[in-house]
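Chemist: Structure file work-v9.pdb, PDB, C-alpha atoms, is pasted below:
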ATOM      1  CA  MET L   1     -19.568  38.402  38.204
ATOM      2  CA  GLU L   2     -22.900  39.762  36.920
ATOM      3  CA  SER L   3     -21.714  43.357  37.336
ATOM      4  CA  ASP L   4     -18.642  42.579  35.208
ATOM      5  CA  ARG L   5     -20.938  41.307  32.480
ATOM      6  CA  GLU L   6     -23.173  44.385  32.758
ATOM      7  CA  GLU L   7     -20.152  46.668  32.293
ATOM      8  CA  LYS L   8     -19.028  44.630  29.294
ATOM      9  CA  ASP L   9     -22.577  44.677  27.869
ATOM     10  CA  ALA L  10     -22.790  48.465  27.959
ATOM     11  CA  ALA L  11     -19.386  48.990  26.361
ATOM     12  CA  LEU L  12     -18.816  49.656  22.715
ATOM     13  CA  ARG L  13     -15.805  47.762  21.369
ATOM     14  CA  ARG L  14     -14.233  48.664  18.085
ATOM     15  CA  VAL L  15     -11.599  47.268  15.757
ATOM     16  CA  ALA L  16     -10.450  48.737  12.458
ATOM     17  CA  HIS L  17     -13.585  48.102  10.405
ATOM     18  CA  CYS L  18     -16.134  46.787  12.890
ATOM     19  CA  GLU L  19     -17.822  47.751  16.149
ATOM     20  CA  PHE L  20     -19.569  45.631  18.742
ATOM     21  CA  ARG L  21     -22.124  46.371  21.420
ATOM     22  CA  PHE L  22     -24.587  44.319  23.397
ATOM     23  CA  HIS L  23     -28.228  45.093  22.669
ATOM     24  CA  ALA L  24     -29.087  42.887  25.658
ATOM     25  CA  PRO L  25     -26.956  40.559  27.822
ATOM     26  CA  ARG L  26     -27.102  37.703  25.289
ATOM     27  CA  VAL L  27     -27.683  39.662  22.075
ATOM     28  CA  LEU L  28     -24.515  41.053  20.490
ATOM     29  CA  ILE L  29     -24.587  43.476  17.563
ATOM     30  CA  GLN L  30     -21.558  43.275  15.280
ATOM     31  CA  ARG L  31     -21.701  46.240  12.930
ATOM     32  CA  PHE L  32     -19.287  46.330  10.011
ATOM     33  CA  LEU L  33     -18.343  49.855   8.993
ATOM     34  CA  PRO L  34     -18.481  50.995   5.340
ATOM     35  CA  SER L  35     -14.659  50.822   5.277
ATOM     36  CA  ALA L  36     -14.691  47.071   6.086
ATOM     37  CA  ARG L  37     -13.023  44.593   3.777
ATOM     38  CA  PHE L  38     -13.681  40.874   4.071
ATOM     39  CA  GLU L  39     -10.131  39.553   4.115
ATOM     40  CA  GLN L  40      -9.275  36.476   6.197
ATOM     41  CA  PRO L  41      -6.813  38.004   8.716
ATOM     42  CA  TYR L  42      -9.292  40.750   9.460
ATOM     43  CA  LEU L  43     -12.224  38.327   9.763
ATOM     44  CA  ASP L  44     -10.132  36.214  12.169
ATOM     45  CA  LEU L  45      -9.547  39.300  14.336
ATOM     46  CA  VAL L  46     -13.267  40.094  14.360
ATOM     47  CA  ALA L  47     -14.115  36.491  15.328
ATOM     48  CA  SER L  48     -11.565  36.547  18.143
ATOM     49  CA  LEU L  49     -13.006  39.723  19.648
ATOM     50  CA  ARG L  50     -16.529  38.381  19.236
ATOM     51  CA  ASP L  51     -15.587  35.198  21.113
ATOM     52  CA  GLU L  52     -13.996  37.277  23.881
ATOM     53  CA  LEU L  53     -17.191  39.309  24.232
ATOM     54  CA  PHE L  54     -19.341  36.168  24.355
ATOM     55  CA  GLY L  55     -17.387  34.833  27.306
ATOM     56  CA  ASN L  56     -18.620  31.398  28.357
ATOM     57  CA  SER L  57     -22.252  31.776  27.341
ATOM     58  CA  ALA L  58     -23.905  31.239  23.990
ATOM     59  CA  CYS L  59     -25.195  34.510  22.567
ATOM     60  CA  ALA L  60     -27.374  35.563  19.681
ATOM     61  CA  LEU L  61     -25.527  37.605  17.077
ATOM     62  CA  LEU L  62     -26.761  40.316  14.742
ATOM     63  CA  VAL L  63     -24.292  41.218  11.990
ATOM     64  CA  THR L  64     -24.916  44.285   9.845
ATOM     65  CA  ILE L  65     -23.091  44.753   6.548
ATOM     66  CA  PRO L  66     -23.394  48.129   4.779
ATOM     67  CA  ALA L  67     -23.879  48.217   1.017
ATOM     68  CA  ALA L  68     -20.510  50.015   0.702
ATOM     69  CA  VAL L  69     -18.605  46.867   1.757
ATOM     70  CA  PRO L  70     -17.404  45.172  -1.431
ATOM     71  CA  VAL L  71     -17.990  41.481  -2.008
ATOM     72  CA  ASN L  72     -14.762  39.480  -1.729
ATOM     73  CA  PRO L  73     -15.217  36.180  -3.622
ATOM     74  CA  GLU L  74     -12.432  34.473  -1.630
ATOM     75  CA  ALA L  75     -14.267  35.200   1.621
ATOM     76  CA  THR L  76     -17.264  33.211   0.387
ATOM     77  CA  ASN L  77     -15.137  30.065  -0.007
ATOM     78  CA  VAL L  78     -14.471  29.706   3.737
ATOM     79  CA  ASP L  79     -16.864  28.556   6.462
ATOM     80  CA  HIS L  80     -16.177  31.370   8.937
ATOM     81  CA  PHE L  81     -18.268  29.692  11.628
ATOM     82  CA  ARG L  82     -16.756  26.189  11.378
ATOM     83  CA  SER L  83     -15.469  26.276  14.972
ATOM     84  CA  GLU L  84     -19.092  26.523  16.136
ATOM     85  CA  ARG L  85     -19.498  22.841  15.356
ATOM     86  CA  GLU L  86     -17.090  21.990  18.206
ATOM     87  CA  ARG L  87     -17.946  24.710  20.711
ATOM     88  CA  ARG L  88     -21.279  26.462  20.388
ATOM     89  CA  ARG L  89     -20.920  30.147  21.202
ATOM     90  CA  ILE L  90     -23.446  31.454  18.698
ATOM     91  CA  LEU L  91     -27.012  30.645  19.691
ATOM     92  CA  ALA L  92     -28.416  32.170  16.484
ATOM     93  CA  LEU L  93     -27.206  34.511  13.751
ATOM     94  CA  ALA L  94     -29.177  37.247  12.014
ATOM     95  CA  ILE L  95     -27.545  39.171   9.194
ATOM     96  CA  VAL L  96     -28.801  42.464   7.840
ATOM     97  CA  ALA L  97     -27.028  42.886   4.522
ATOM     98  CA  GLU L  98     -27.713  46.210   2.867
ATOM     99  CA  GLY L  99     -27.802  46.149  -0.896
ATOM    100  CA  ASP L 100     -29.063  43.470  -3.254
ATOM    101  CA  THR L 101     -25.634  42.117  -4.156
ATOM    102  CA  MET L 102     -24.431  41.566  -0.587
ATOM    103  CA  ARG L 103     -27.814  40.127   0.445
ATOM    104  CA  ALA L 104     -27.638  37.605  -2.435
ATOM    105  CA  VAL L 105     -24.046  36.675  -1.564
ATOM    106  CA  VAL L 106     -24.921  36.124   2.106
ATOM    107  CA  LYS L 107     -27.905  33.934   1.205
ATOM    108  CA  PHE L 108     -25.712  31.904  -1.158
ATOM    109  CA  TYR L 109     -23.034  31.587   1.542
ATOM    110  CA  PHE L 110     -25.504  30.075   4.035
ATOM    111  CA  SER L 111     -26.884  27.671   1.438
ATOM    112  CA  TRP L 112     -23.308  26.561   0.664
ATOM    113  CA  PHE L 113     -22.254  26.399   4.353
ATOM    114  CA  PRO L 114     -25.208  25.258   6.500
ATOM    115  CA  GLN L 115     -24.582  26.255  10.121
ATOM    116  CA  ALA L 116     -24.905  24.429  13.443
ATOM    117  CA  PHE L 117     -27.203  27.242  14.639
ATOM    118  CA  PRO L 118     -30.232  29.021  13.177
ATOM    119  CA  ALA L 119     -29.113  31.651  10.648
ATOM    120  CA  ARG L 120     -31.323  34.080   8.717
ATOM    121  CA  VAL L 121     -30.849  37.073   6.455
ATOM    122  CA  PHE L 122     -33.080  40.079   7.161
ATOM    123  CA  ASP L 123     -33.831  43.362   5.426
ATOM    124  CA  ASP L 124     -34.736  45.081   8.701
ATOM    125  CA  GLU L 125     -32.616  45.298  11.866
ATOM    126  CA  ALA L 126     -35.612  45.634  14.206
ATOM    127  CA  GLU L 127     -37.161  42.455  12.791
ATOM    128  CA  ALA L 128     -33.838  40.626  13.211
ATOM    129  CA  ILE L 129     -33.574  41.721  16.869
ATOM    130  CA  VAL L 130     -37.102  40.463  17.601
ATOM    131  CA  TRP L 131     -36.232  37.065  16.063
ATOM    132  CA  LEU L 132     -33.000  36.811  18.054
ATOM    133  CA  GLN L 133     -34.680  37.798  21.332
ATOM    134  CA  LYS L 134     -37.305  35.067  20.837
ATOM    135  CA  LEU L 135     -34.555  32.489  20.395
ATOM    136  CA  VAL L 136     -32.682  33.736  23.474
ATOM    137  CA  ALA L 137     -35.893  33.598  25.517
ATOM    138  CA  ALA L 138     -36.523  30.028  24.343
ATOM    139  CA  ASP L 139     -32.972  29.147  25.423
ATOM    140  CA  GLY L 140     -33.454  30.361  28.973
ATOM    141  CA  GLY L 141     -33.757  34.099  28.722
ATOM    142  CA  LEU L 142     -31.732  37.119  29.735
ATOM    143  CA  SER L 143     -32.463  38.800  26.426
TER     144      SER L 143
END
Before anything else, please render the file you have as structure tokens.

Modeler:
Amino acid sequence: MESDREEKDAALRRVAHCEFRFHAPRVLIQRFLPSARFEQPYLDLVASLRDELFGNSACALLVTIPAAVPVNPEATNVDHFRSERERRRILALAIVAEGDTMRAVVKFYFSWFPQAFPARVFDDEAEAIVWLQKLVAADGGLS
């Protein structure tokens, strides 16, 4: 079972506008590509793949959003992590939003939709990873 997880952890998974890879066994990086568009069917696909990668364990998640991704006002009106209230799969969420506009939108989103897990917006990916690894370690490790 552990070797299956190790193979999955090392793999890069990609959908149309997003790629995933494990930084560590319980730290998933979800990197939106500059071509990404935040439309609901696409976000549902991304969430489904993310849940598949998590398996049965709660994981920390780092989401990166390039400045080239346009803000979609409709996407800010939906709590994309609502299902986490019933089944916790996200241990903590760090978002690195490039560009002042996207960073402001993400901060507004999390003030409008408080989450069932710790969520923070970062300017620096390395700082976000350190924060996530501390939370994974506090939850029992394997970071």

Chemist: Kindly indicate which residue among L:Val71, L:Val105, L:Leu49, L:Cys59 lies nearest to Ala36 (chain L), using only C-alpha atoms for the distances.

Modeler: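 Closest candidate: L:Val71.
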
Chemist: Could you expand the PyMOL selection byres ((chain L and resi 120-129) around 6) into the explicit residues it covers here, written as a PyMOL selection string?

Modeler: chain L and resi 94-96+119+130-132

Chemist: Deliver the residues from the most recent selection as a file, using C-alpha atoms, as a CSV table (one decimal), in the frame of the given file.

Modeler:
chain,number,residue,atom,x,y,z
L,94,ALA,CA,-29.2,37.2,12.0
L,95,ILE,CA,-27.5,39.2,9.2
L,96,VAL,CA,-28.8,42.5,7.8
L,119,ALA,CA,-29.1,31.7,10.6
L,130,VAL,CA,-37.1,40.5,17.6
L,131,TRP,CA,-36.2,37.1,16.1
L,132,LEU,CA,-33.0,36.8,18.1

Chemist: Starting from 6 Å padding per side, set up an axis-aligned box that covers all listed atoms of region 110-120 of chain L and hand over centre and edge lengths in Å, one decimal, as JSON.

Modeler:
{"center_x": -26.8, "center_y": 29.3, "center_z": 7.7, "size_x": 21.1, "size_y": 21.7, "size_z": 26.0}

Chemist: Write out as JSON lines the residues of region 32-54 of chain L that have any atom within 8 Å of an atom of region 73-81 of chain L, one row each with the nearest atom pair and its distance in Å to one decimal, counting all atoms listed in the file, sorted by chain and then rising number.

Modeler:
{"residue": "L:Phe38", "atom": "CA", "partner": "L:Ala75", "partner_atom": "CA", "distance": 6.2}
{"residue": "L:Glu39", "atom": "CA", "partner": "L:Ala75", "partner_atom": "CA", "distance": 6.5}
{"residue": "L:Gln40", "atom": "CA", "partner": "L:Ala75", "partner_atom": "CA", "distance": 6.9}

Chemist: So how far away is CA of Pro66 (chain L) from CA of Trp112 (chain L), in Å?

Modeler: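 Calculated distance between CA of Trp112 (chain L) and CA of Pro66 (chain L) is 22.0 Å.
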
Chemist: Save region 103-132 of chain L of the structure in the block above to a file, with N, CA and C atoms included, as an mmCIF file, in the first residue's frame.

Modeler:
data_model
loop_
_atom_site.group_PDB
_atom_site.id
_atom_site.type_symbol
_atom_site.label_atom_id
_atom_site.label_comp_id
_atom_site.auth_asym_id
_atom_site.auth_seq_id
_atom_site.Cartn_x
_atom_site.Cartn_y
_atom_site.Cartn_z
ATOM 1 N N ARG L 103 -4.485 38.350 -5.689
ATOM 2 C CA ARG L 103 -4.226 38.221 -4.250
ATOM 3 C C ARG L 103 -5.364 38.868 -3.453
ATOM 4 N N ALA L 104 -5.810 40.048 -3.871
ATOM 5 C CA ALA L 104 -6.912 40.735 -3.181
ATOM 6 C C ALA L 104 -8.206 39.935 -3.289
ATOM 7 N N VAL L 105 -8.472 39.385 -4.466
ATOM 8 C CA VAL L 105 -9.689 38.586 -4.664
ATOM 9 C C VAL L 105 -9.670 37.343 -3.771
ATOM 10 N N VAL L 106 -8.529 36.671 -3.703
ATOM 11 C CA VAL L 106 -8.428 35.463 -2.877
ATOM 12 C C VAL L 106 -8.624 35.812 -1.405
ATOM 13 N N LYS L 107 -8.033 36.884 -0.942
ATOM 14 C CA LYS L 107 -8.216 37.292 0.457
ATOM 15 C C LYS L 107 -9.677 37.622 0.735
ATOM 16 N N PHE L 108 -10.332 38.315 -0.188
ATOM 17 C CA PHE L 108 -11.754 38.615 -0.033
ATOM 18 C C PHE L 108 -12.569 37.327 0.010
ATOM 19 N N TYR L 109 -12.263 36.401 -0.890
ATOM 20 C CA TYR L 109 -12.973 35.119 -0.956
ATOM 21 C C TYR L 109 -12.947 34.411 0.400
ATOM 22 N N PHE L 110 -11.761 34.338 1.030
ATOM 23 C CA PHE L 110 -11.655 33.629 2.307
ATOM 24 C C PHE L 110 -12.271 34.408 3.463
ATOM 25 N N SER L 111 -12.415 35.716 3.335
ATOM 26 C CA SER L 111 -13.146 36.449 4.370
ATOM 27 C C SER L 111 -14.651 36.240 4.200
ATOM 28 N N TRP L 112 -15.095 36.059 2.958
ATOM 29 C CA TRP L 112 -16.510 35.830 2.662
ATOM 30 C C TRP L 112 -16.918 34.389 2.956
ATOM 31 N N PHE L 113 -16.011 33.435 2.689
ATOM 32 C CA PHE L 113 -16.258 32.006 2.911
ATOM 33 C C PHE L 113 -15.209 31.446 3.873
ATOM 34 N N PRO L 114 -15.410 31.633 5.193
ATOM 35 C CA PRO L 114 -14.463 31.029 6.144
ATOM 36 C C PRO L 114 -14.461 29.508 5.962
ATOM 37 N N GLN L 115 -13.289 28.899 6.089
ATOM 38 C CA GLN L 115 -13.147 27.470 5.819
ATOM 39 C C GLN L 115 -13.082 26.646 7.112
ATOM 40 N N ALA L 116 -13.289 25.351 6.972
ATOM 41 C CA ALA L 116 -13.232 24.419 8.089
ATOM 42 C C ALA L 116 -11.794 24.024 8.401
ATOM 43 N N PHE L 117 -10.847 24.562 7.675
ATOM 44 C CA PHE L 117 -9.420 24.252 7.824
ATOM 45 C C PHE L 117 -8.643 25.561 7.775
ATOM 46 N N PRO L 118 -7.418 25.564 8.298
ATOM 47 C CA PRO L 118 -6.605 26.783 8.193
ATOM 48 C C PRO L 118 -6.341 27.126 6.720
ATOM 49 N N ALA L 119 -6.505 28.381 6.372
ATOM 50 C CA ALA L 119 -6.263 28.841 4.998
ATOM 51 C C ALA L 119 -5.548 30.190 5.059
ATOM 52 N N ARG L 120 -4.454 30.300 4.296
ATOM 53 C CA ARG L 120 -3.678 31.539 4.257
ATOM 54 C C ARG L 120 -3.235 31.847 2.836
ATOM 55 N N VAL L 121 -3.094 33.125 2.561
ATOM 56 C CA VAL L 121 -2.581 33.596 1.280
ATOM 57 C C VAL L 121 -1.138 34.033 1.503
ATOM 58 N N PHE L 122 -0.253 33.574 0.626
ATOM 59 C CA PHE L 122 1.177 33.869 0.722
ATOM 60 C C PHE L 122 1.657 34.553 -0.545
ATOM 61 N N ASP L 123 2.748 35.304 -0.398
ATOM 62 C CA ASP L 123 3.439 35.892 -1.546
ATOM 63 C C ASP L 123 4.519 34.951 -2.056
ATOM 64 N N ASP L 124 5.001 34.057 -1.180
ATOM 65 C CA ASP L 124 6.170 33.239 -1.470
ATOM 66 C C ASP L 124 5.841 31.754 -1.310
ATOM 67 N N GLU L 125 6.123 30.967 -2.329
ATOM 68 C CA GLU L 125 5.824 29.533 -2.309
ATOM 69 C C GLU L 125 6.626 28.790 -1.233
ATOM 70 N N ALA L 126 7.897 29.130 -1.072
ATOM 71 C CA ALA L 126 8.722 28.452 -0.073
ATOM 72 C C ALA L 126 8.165 28.681 1.333
ATOM 73 N N GLU L 127 7.738 29.890 1.621
ATOM 74 C CA GLU L 127 7.151 30.201 2.925
ATOM 75 C C GLU L 127 5.845 29.413 3.132
ATOM 76 N N ALA L 128 5.061 29.288 2.089
ATOM 77 C CA ALA L 128 3.803 28.532 2.167
ATOM 78 C C ALA L 128 4.076 27.054 2.455
ATOM 79 N N ILE L 129 5.081 26.482 1.797
ATOM 80 C CA ILE L 129 5.439 25.074 2.016
ATOM 81 C C ILE L 129 5.867 24.851 3.469
ATOM 82 N N VAL L 130 6.677 25.750 3.999
ATOM 83 C CA VAL L 130 7.126 25.618 5.396
ATOM 84 C C VAL L 130 5.916 25.614 6.329
ATOM 85 N N TRP L 131 4.970 26.518 6.114
ATOM 86 C CA TRP L 131 3.761 26.596 6.942
ATOM 87 C C TRP L 131 2.958 25.301 6.844
ATOM 88 N N LEU L 132 2.769 24.799 5.632
ATOM 89 C CA LEU L 132 2.013 23.562 5.455
ATOM 90 C C LEU L 132 2.708 22.375 6.121
#
